[in-house]
$ cat my_file_14.tsv   # TSV, C-alpha atoms
chain	number	residue	atom	x	y	z
M	26	MET	CA	117.89	-45.64	-18.19
M	27	LYS	CA	121.47	-46.82	-18.37
M	28	VAL	CA	124.09	-44.20	-17.57
M	29	ALA	CA	127.86	-44.56	-17.91
M	30	LEU	CA	129.80	-42.24	-15.62
M	31	ASP	CA	133.45	-41.43	-16.10
M	32	GLY	CA	135.13	-41.94	-12.73
M	33	TRP	CA	138.69	-40.96	-13.68
M	34	LYS	CA	138.65	-37.66	-11.81
M	35	ALA	CA	136.68	-39.16	-8.92
M	36	VAL	CA	139.48	-41.61	-8.14
M	37	MET	CA	142.56	-39.82	-9.50
M	38	ASP	CA	142.00	-36.20	-8.40
M	39	SER	CA	142.28	-35.35	-4.70
M	40	GLY	CA	141.49	-31.67	-5.26
M	41	HIS	CA	138.31	-29.64	-5.61
M	42	ASP	CA	137.30	-31.05	-9.01
M	43	GLY	CA	137.68	-34.61	-7.77
M	44	CYS	CA	135.56	-33.78	-4.71
M	45	CYS	CA	132.81	-32.39	-6.97
M	46	SER	CA	132.97	-35.45	-9.20
M	47	ARG	CA	132.66	-37.82	-6.24
M	48	ALA	CA	129.76	-35.80	-4.81
M	49	VAL	CA	127.85	-35.80	-8.09
M	50	ILE	CA	128.39	-39.49	-8.86
M	51	GLY	CA	127.54	-40.50	-5.30
M	52	SER	CA	124.38	-38.41	-5.34
M	53	LEU	CA	123.19	-39.73	-8.70
M	54	VAL	CA	123.54	-43.40	-7.83
M	55	ARG	CA	121.82	-42.96	-4.45
M	56	THR	CA	119.03	-40.63	-5.60
M	57	PHE	CA	117.98	-42.76	-8.58
M	58	PRO	CA	118.01	-46.44	-7.58
M	59	GLY	CA	115.80	-47.27	-10.57
M	60	CYS	CA	118.54	-46.32	-13.02
M	61	THR	CA	121.58	-48.43	-13.84
M	62	PHE	CA	124.96	-46.74	-13.44
M	63	ASP	CA	128.23	-48.06	-14.85
M	64	VAL	CA	131.12	-46.18	-13.22
M	65	TYR	CA	134.31	-46.52	-15.27
M	66	VAL	CA	137.56	-46.21	-13.34
M	67	PRO	CA	141.20	-46.90	-14.25
M	68	GLY	CA	143.23	-49.74	-12.77
M	69	LYS	CA	142.58	-52.35	-10.13
M	70	GLY	CA	142.95	-50.39	-6.91
M	71	GLY	CA	140.12	-49.36	-4.67
M	72	ASN	CA	139.47	-46.35	-2.48
M	73	ALA	CA	136.93	-45.18	0.06
M	74	PHE	CA	134.72	-43.58	-2.58
M	75	LEU	CA	134.44	-46.73	-4.69
M	76	ASN	CA	133.84	-48.82	-1.59
M	77	SER	CA	130.98	-46.53	-0.60
M	78	ILE	CA	129.04	-47.06	-3.85
M	79	SER	CA	130.12	-50.52	-5.02
M	80	GLY	CA	127.59	-52.30	-2.79
M	81	LEU	CA	124.58	-50.55	-4.35
M	82	GLU	CA	122.42	-52.78	-6.55
M	83	ASN	CA	122.18	-50.22	-9.35
M	84	VAL	CA	125.95	-49.62	-9.59
M	85	ARG	CA	128.55	-51.55	-11.53
M	86	ILE	CA	132.20	-50.57	-11.08
M	87	CYS	CA	133.90	-51.12	-14.43
M	88	ARG	CA	137.67	-51.25	-14.05
M	89	VAL	CA	139.66	-50.46	-17.16
M	90	SER	CA	143.10	-52.06	-17.15
M	91	GLY	CA	146.21	-50.75	-18.91
M	92	PHE	CA	148.79	-48.28	-17.68
M	93	LEU	CA	148.08	-45.80	-20.49
M	94	SER	CA	144.66	-45.11	-19.02
M	95	ARG	CA	146.30	-43.80	-15.85
M	96	LEU	CA	148.79	-41.45	-17.54
M	97	SER	CA	146.46	-38.67	-18.61
M	98	VAL	CA	142.78	-37.92	-18.85
M	99	SER	CA	142.96	-37.51	-22.65
M	100	LEU	CA	144.54	-40.96	-23.14
M	101	TRP	CA	141.97	-42.37	-20.75
M	102	HIS	CA	139.10	-41.00	-22.82
M	103	ARG	CA	140.52	-42.07	-26.15
M	104	TYR	CA	140.81	-45.64	-24.88
M	105	LEU	CA	137.44	-45.59	-23.12
M	106	ASP	CA	135.52	-44.09	-26.03
M	107	CYS	CA	137.15	-46.18	-28.77
M	108	HIS	CA	137.45	-49.59	-27.16
M	109	ILE	CA	135.32	-49.92	-24.02
M	110	LEU	CA	132.01	-48.08	-24.42
M	111	PRO	CA	131.15	-49.50	-27.88
M	112	GLN	CA	131.11	-53.00	-26.37
M	113	ASP	CA	128.31	-52.14	-23.93
M	114	PRO	CA	126.85	-48.77	-24.94
M	115	PRO	CA	124.75	-46.82	-22.40
M	116	ASP	CA	121.91	-44.41	-23.09
M	117	ILE	CA	123.90	-41.53	-21.56
M	118	PHE	CA	127.65	-41.12	-21.19
M	119	HIS	CA	128.62	-38.43	-18.68
M	120	SER	CA	132.23	-37.34	-18.71
M	121	ALA	CA	132.71	-35.88	-15.25
M	122	ASP	CA	136.11	-34.39	-16.09
M	123	GLY	CA	135.33	-32.12	-19.03
M	124	VAL	CA	136.94	-34.24	-21.74
M	125	LEU	CA	135.36	-36.07	-24.66
M	126	SER	CA	137.58	-37.70	-27.27
M	127	GLY	CA	135.32	-37.08	-30.24
M	128	ASP	CA	134.99	-40.82	-30.82
M	129	ILE	CA	132.00	-40.93	-28.49
M	130	GLY	CA	129.98	-39.26	-31.25
M	131	LYS	CA	130.58	-42.26	-33.50
M	132	ILE	CA	128.79	-44.65	-31.16
M	133	ARG	CA	125.21	-44.84	-32.32
M	134	GLY	CA	122.50	-43.99	-29.82
M	135	ILE	CA	124.65	-42.52	-27.03
M	136	LYS	CA	123.94	-39.02	-25.75
M	137	ALA	CA	127.09	-37.37	-24.41
M	138	VAL	CA	127.24	-35.01	-21.44
M	139	ALA	CA	130.40	-33.36	-20.08
M	140	THR	CA	131.11	-31.38	-16.93
M	141	VAL	CA	133.53	-28.48	-17.40
M	142	TYR	CA	134.99	-27.21	-14.14
M	143	ASP	CA	137.46	-24.48	-14.89
M	144	LEU	CA	138.65	-22.06	-17.57
M	145	SER	CA	141.34	-20.37	-15.49
M	146	PHE	CA	143.99	-21.31	-18.04
M	147	LEU	CA	142.49	-18.64	-20.30
M	148	SER	CA	142.84	-15.75	-17.86
M	149	SER	CA	145.67	-16.68	-15.49
M	150	ARG	CA	149.17	-15.82	-16.64
M	151	GLU	CA	150.72	-17.84	-13.86
M	152	GLY	CA	150.81	-21.59	-13.45
M	153	PHE	CA	150.27	-22.48	-17.12
M	154	SER	CA	152.79	-22.75	-19.94
M	155	TRP	CA	151.89	-21.88	-23.52
M	156	LEU	CA	151.69	-25.59	-24.31
M	157	GLN	CA	149.37	-26.26	-21.35
M	158	ARG	CA	147.07	-23.41	-22.40
M	159	HIS	CA	146.97	-24.62	-25.98
M	160	ARG	CA	146.32	-28.23	-24.98
M	161	SER	CA	143.61	-27.32	-22.44
M	162	SER	CA	141.87	-25.04	-24.92
M	163	ALA	CA	141.93	-27.73	-27.61
M	164	LEU	CA	140.41	-30.27	-25.22
M	165	ILE	CA	137.63	-27.88	-24.20
M	166	ARG	CA	136.91	-26.93	-27.81
M	167	ARG	CA	136.63	-30.58	-28.85
M	168	THR	CA	134.45	-31.39	-25.85
M	169	CYS	CA	132.08	-28.51	-26.62
M	170	ARG	CA	131.84	-29.66	-30.23
M	171	THR	CA	131.16	-33.29	-29.25
M	172	ALA	CA	128.86	-33.03	-26.22
M	173	ASP	CA	125.10	-32.88	-26.51
M	174	ARG	CA	125.03	-30.89	-23.26
M	175	ILE	CA	127.62	-29.19	-21.06
M	176	ILE	CA	127.23	-29.00	-17.27
M	177	VAL	CA	129.09	-26.41	-15.22
M	178	HIS	CA	129.12	-25.67	-11.50
M	179	ASP	CA	129.84	-21.96	-11.89
M	180	ARG	CA	128.07	-19.23	-13.88
M	181	ASP	CA	131.42	-17.64	-14.74
M	182	VAL	CA	132.50	-20.86	-16.46
M	183	ALA	CA	129.22	-20.88	-18.39
M	184	ALA	CA	129.84	-17.29	-19.53
M	185	GLY	CA	133.40	-18.20	-20.56
M	186	LEU	CA	132.19	-21.10	-22.71
M	187	VAL	CA	129.83	-18.74	-24.52
M	188	ARG	CA	132.41	-15.97	-24.88
M	189	TYR	CA	135.50	-17.96	-25.87
M	190	TYR	CA	134.06	-21.08	-27.50
M	191	PHE	CA	130.81	-19.66	-28.92
M	192	LEU	CA	128.78	-22.37	-27.24
M	193	PRO	CA	125.01	-21.72	-27.42
M	194	LYS	CA	123.59	-20.83	-24.01
M	195	ASP	CA	120.83	-23.41	-24.28
M	196	THR	CA	123.38	-26.25	-24.39
M	197	ILE	CA	124.83	-25.28	-20.98
M	198	THR	CA	123.26	-26.19	-17.64
M	199	VAL	CA	124.50	-24.65	-14.39
M	200	VAL	CA	124.31	-27.10	-11.49
M	201	SER	CA	125.36	-25.87	-8.06
M	202	VAL	CA	127.62	-28.17	-6.05
M	203	PRO	CA	128.86	-26.95	-2.64
M	204	LYS	CA	132.63	-27.06	-2.15
M	205	ASP	CA	132.30	-29.32	0.88
M	206	SER	CA	129.72	-31.98	0.09
M	207	PRO	CA	130.98	-35.35	1.34
M	208	ASP	CA	127.48	-36.79	1.62
M	209	GLY	CA	126.48	-35.76	-1.87
M	210	VAL	CA	124.06	-33.21	-3.21
M	211	PRO	CA	120.61	-34.61	-4.04
M	212	GLN	CA	119.46	-31.37	-5.70
M	213	ALA	CA	122.44	-31.48	-8.07
M	214	ALA	CA	121.55	-35.09	-8.89
M	215	GLU	CA	117.97	-34.03	-9.68
M	216	ASP	CA	119.19	-31.22	-11.94
M	217	ILE	CA	121.60	-33.51	-13.80
M	218	MET	CA	118.98	-36.24	-14.21
M	219	ALA	CA	116.70	-33.60	-15.73
M	220	VAL	CA	119.41	-33.01	-18.35
M	221	TYR	CA	119.62	-36.74	-19.08
M	222	ARG	CA	115.85	-37.00	-19.45
M	223	SER	CA	115.62	-33.99	-21.73
M	224	LEU	CA	118.21	-35.52	-24.06
M	225	LEU	CA	116.53	-38.92	-24.15
M	226	TYR	CA	112.86	-38.04	-23.96
M	227	GLY	CA	112.65	-34.34	-24.79
M	228	ASP	CA	111.22	-33.47	-21.33
$ encode --input "my_file_14.tsv" --output "C-alpha cells"
Amino acid sequence: MKVALDGWKAVMDSGHDGCCSRAVIGSLVRTFPGCTFDVYVPGKGGNAFLNSISGLENVRICRVSGFLSRLSVSLWHRYLDCHILPQDPPDIFHSADGVLSGDIGKIRGIKAVATVYDLSFLSSREGFSWLQRHRSSALIRRTCRTADRIIVHDRDVAAGLVRYYFLPKDTITVVSVPKDSPDGVPQAAEDIMAVYRSLLYGD
C-alpha cells in the first residue's frame, strides 16, 4: 500500500492540531514498515519532526517548492492536488489538516481521507470574523463532499459534522489521540490503517 500524507500542519502548526498531526504521521510510518509513505511538506527547511522520520526506509519526504504553498492551507492543497499528486498517485491520500481541494477526486484510483479537528468556528462568537466563519465552513463542506472517509479525534466534532453538514455517520471514524503524545500513538495508527484497508479492500 502506498499512502501519501499531507504534512503541512505537521510542520507549519505549533499548536494542538499540529501536535496531533505529527503524532499520527509518526505512528503510522513506524507501526507499518511494510507500507510506503510519501510525506508532502512545503519548502526546503527541516525540523525535528522531519528529521525523526526521514531516516526510515518506508518514508519519502516530498518537499514542494513555491512560496504560495506556504501562505495558506487552501492554496497548499490546490497546488498539491492539481500539480503534484497526479504525477505519482498513491493508493490513499490522507489530508491531516481537514482540507481537500476537490481536485483530488479527479485523480483516478486515489481514495481520499481527511482529518477534521475542530468546528469551534460554528459555535464560538469570539475569535472569528464573519469572513473566517464563512471560509472555514466552505472548506469543511467541500472536504466532506470530496473525502471517502472523515477521521475525527473527538466525538463532539463527529456529531457536529452530522448535524451541520449532514455527513452520514458511517463515513466518520473517531480515532482517539492523547493531547500529549510525543512518541506517537500506535493504537491510533492501527485504527487509521483499518480505515485505509476498508477503502481499498472492503475489510
$ residues_around --input "my_file_14.tsv" --residues "stretch 74-87 of chain M" --least-positions-apart "4" --cutoff "6 Å" --atoms "only C-alpha atoms" --output "JSON, numbers by chain"
{"M": [58, 61, 62, 63, 64, 65]}
$ residues_near_point --input "my_file_14.tsv" --point "(140.9, -45.7, -15.0)" --cutoff "8 Å" --atoms "all atoms listed in the file" --output "mmCIF file with C-alpha atoms, in the frame of the given file"
data_model
loop_
_atom_site.group_PDB
_atom_site.id
_atom_site.type_symbol
_atom_site.label_atom_id
_atom_site.label_comp_id
_atom_site.auth_asym_id
_atom_site.auth_seq_id
_atom_site.Cartn_x
_atom_site.Cartn_y
_atom_site.Cartn_z
ATOM 1 C CA GLY M 32 135.130 -41.940 -12.730
ATOM 2 C CA TRP M 33 138.690 -40.960 -13.680
ATOM 3 C CA TYR M 65 134.310 -46.520 -15.270
ATOM 4 C CA VAL M 66 137.560 -46.210 -13.340
ATOM 5 C CA PRO M 67 141.200 -46.900 -14.250
ATOM 6 C CA GLY M 68 143.230 -49.740 -12.770
ATOM 7 C CA ARG M 88 137.670 -51.250 -14.050
ATOM 8 C CA VAL M 89 139.660 -50.460 -17.160
ATOM 9 C CA SER M 90 143.100 -52.060 -17.150
ATOM 10 C CA SER M 94 144.660 -45.110 -19.020
ATOM 11 C CA ARG M 95 146.300 -43.800 -15.850
ATOM 12 C CA TRP M 101 141.970 -42.370 -20.750
#
$ residues_around --input "my_file_14.tsv" --residues "M:His108" --least-positions-apart "3" --cutoff "12 Å" --atoms "all atoms listed in the file" --output "NGL selection string"
:M and (89-90 or 94 or 100-105 or 111-114 or 126 or 128-129 or 131-132)
$ write_last_selection --input "my_file_14.tsv" --atoms "C-alpha atoms" --output "PDB file, in the frame of the given file"
ATOM      1  CA  VAL M  89     139.660 -50.460 -17.160  1.00  0.00           C
ATOM      2  CA  SER M  90     143.100 -52.060 -17.150  1.00  0.00           C
ATOM      3  CA  SER M  94     144.660 -45.110 -19.020  1.00  0.00           C
ATOM      4  CA  LEU M 100     144.540 -40.960 -23.140  1.00  0.00           C
ATOM      5  CA  TRP M 101     141.970 -42.370 -20.750  1.00  0.00           C
ATOM      6  CA  HIS M 102     139.100 -41.000 -22.820  1.00  0.00           C
ATOM      7  CA  ARG M 103     140.520 -42.070 -26.150  1.00  0.00           C
ATOM      8  CA  TYR M 104     140.810 -45.640 -24.880  1.00  0.00           C
ATOM      9  CA  LEU M 105     137.440 -45.590 -23.120  1.00  0.00           C
ATOM     10  CA  PRO M 111     131.150 -49.500 -27.880  1.00  0.00           C
ATOM     11  CA  GLN M 112     131.110 -53.000 -26.370  1.00  0.00           C
ATOM     12  CA  ASP M 113     128.310 -52.140 -23.930  1.00  0.00           C
ATOM     13  CA  PRO M 114     126.850 -48.770 -24.940  1.00  0.00           C
ATOM     14  CA  SER M 126     137.580 -37.700 -27.270  1.00  0.00           C
ATOM     15  CA  ASP M 128     134.990 -40.820 -30.820  1.00  0.00           C
ATOM     16  CA  ILE M 129     132.000 -40.930 -28.490  1.00  0.00           C
ATOM     17  CA  LYS M 131     130.580 -42.260 -33.500  1.00  0.00           C
ATOM     18  CA  ILE M 132     128.790 -44.650 -31.160  1.00  0.00           C
TER      19      ILE M 132
END
$ closest_residue --input "my_file_14.tsv" --among "M:Tyr142, M:Trp155, M:Ile117, M:Leu164" --to "M:Cys44" --atoms "all atoms listed in the file"
M:Tyr142
$ closest_residue --input "my_file_14.tsv" --among "M:Cys60, M:Ala73, M:Leu192, M:Leu125" --to "M:Val36" --atoms "all atoms listed in the file"
M:Ala73
$ closest_residue --input "my_file_14.tsv" --among "M:Ser162, M:Thr56, M:Ser46, M:Thr171" --to "M:Ala121" --atoms "only C-alpha atoms"
M:Ser46
$ atom_distance --input "my_file_14.tsv" --atom1 "atom CA of M:Ile176" --atom2 "atom CA of M:Val199"
5.9 Å
$ closest_residue --input "my_file_14.tsv" --among "M:Arg222, M:His119, M:Arg174, M:His159" --to "M:Ile197" --atoms "all atoms listed in the file"
M:Arg174
$ atom_distance --input "my_file_14.tsv" --atom1 "atom CA of M:Ala29" --atom2 "atom CA of M:Ala219"
15.8 Å
$ residues_near_point --input "my_file_14.tsv" --point "(136.3, -36.7, -9.0)" --cutoff "6 Å" --atoms "all atoms listed in the file" --output "number ranges by chain"
M: 34-36, 38, 42-47
$ closest_residue --input "my_file_14.tsv" --among "M:Ser154, M:Phe191, M:Lys136, M:Ile217" --to "M:Ile50" --atoms "only C-alpha atoms"
M:Ile217
$ atom_distance --input "my_file_14.tsv" --atom1 "atom CA of M:Thr198" --atom2 "atom CA of M:Leu225"
15.8 Å
$ decode --input "my_file_14.tsv" --residues "stretch 44-64 of chain M" --atoms "N, CA and C atoms" --output "CSV table (one decimal), in the first residue's frame"
chain,number,residue,atom,x,y,z
M,44,CYS,N,0.4,19.1,16.7
M,44,CYS,CA,0.9,18.0,17.6
M,44,CYS,C,0.2,16.7,17.3
M,45,CYS,N,-1.1,16.8,17.1
M,45,CYS,CA,-1.9,15.6,16.7
M,45,CYS,C,-1.4,15.0,15.3
M,46,SER,N,-1.2,15.9,14.4
M,46,SER,CA,-0.8,15.5,13.1
M,46,SER,C,0.6,14.8,13.1
M,47,ARG,N,1.5,15.4,13.9
M,47,ARG,CA,2.8,14.8,14.0
M,47,ARG,C,2.8,13.4,14.6
M,48,ALA,N,1.9,13.3,15.7
M,48,ALA,CA,1.8,12.0,16.4
M,48,ALA,C,1.2,11.0,15.5
M,49,VAL,N,0.2,11.3,14.7
M,49,VAL,CA,-0.4,10.3,13.8
M,49,VAL,C,0.5,9.9,12.7
M,50,ILE,N,1.1,10.9,12.0
M,50,ILE,CA,2.1,10.5,11.0
M,50,ILE,C,3.2,9.7,11.5
M,51,GLY,N,3.8,10.1,12.6
M,51,GLY,CA,4.9,9.4,13.2
M,51,GLY,C,4.5,8.0,13.6
M,52,SER,N,3.3,7.8,14.1
M,52,SER,CA,2.9,6.5,14.5
M,52,SER,C,2.6,5.6,13.3
M,53,LEU,N,2.0,6.1,12.2
M,53,LEU,CA,1.7,5.3,11.0
M,53,LEU,C,3.0,4.8,10.4
M,54,VAL,N,4.0,5.7,10.2
M,54,VAL,CA,5.2,5.2,9.5
M,54,VAL,C,6.0,4.3,10.3
M,55,ARG,N,5.9,4.3,11.6
M,55,ARG,CA,6.7,3.4,12.5
M,55,ARG,C,5.9,2.1,12.7
M,56,THR,N,4.6,2.1,12.7
M,56,THR,CA,3.8,0.9,13.0
M,56,THR,C,3.7,0.0,11.8
M,57,PHE,N,3.8,0.6,10.6
M,57,PHE,CA,3.6,-0.2,9.4
M,57,PHE,C,4.8,0.0,8.4
M,58,PRO,N,5.9,-0.7,8.8
M,58,PRO,CA,7.1,-0.6,7.9
M,58,PRO,C,6.9,-1.2,6.6
M,59,GLY,N,5.9,-2.0,6.4
M,59,GLY,CA,5.6,-2.7,5.1
M,59,GLY,C,4.9,-1.8,4.1
M,60,CYS,N,4.4,-0.7,4.6
M,60,CYS,CA,3.7,0.3,3.7
M,60,CYS,C,4.7,1.4,3.3
M,61,THR,N,4.5,2.0,2.2
M,61,THR,CA,5.3,3.1,1.7
M,61,THR,C,4.5,4.4,2.0
M,62,PHE,N,5.2,5.4,2.6
M,62,PHE,CA,4.6,6.6,3.0
M,62,PHE,C,5.3,7.8,2.3
M,63,ASP,N,4.6,8.6,1.5
M,63,ASP,CA,5.2,9.8,1.0
M,63,ASP,C,4.6,10.9,1.8
M,64,VAL,N,5.5,11.7,2.5
M,64,VAL,CA,5.0,12.8,3.4
M,64,VAL,C,5.3,14.1,2.6
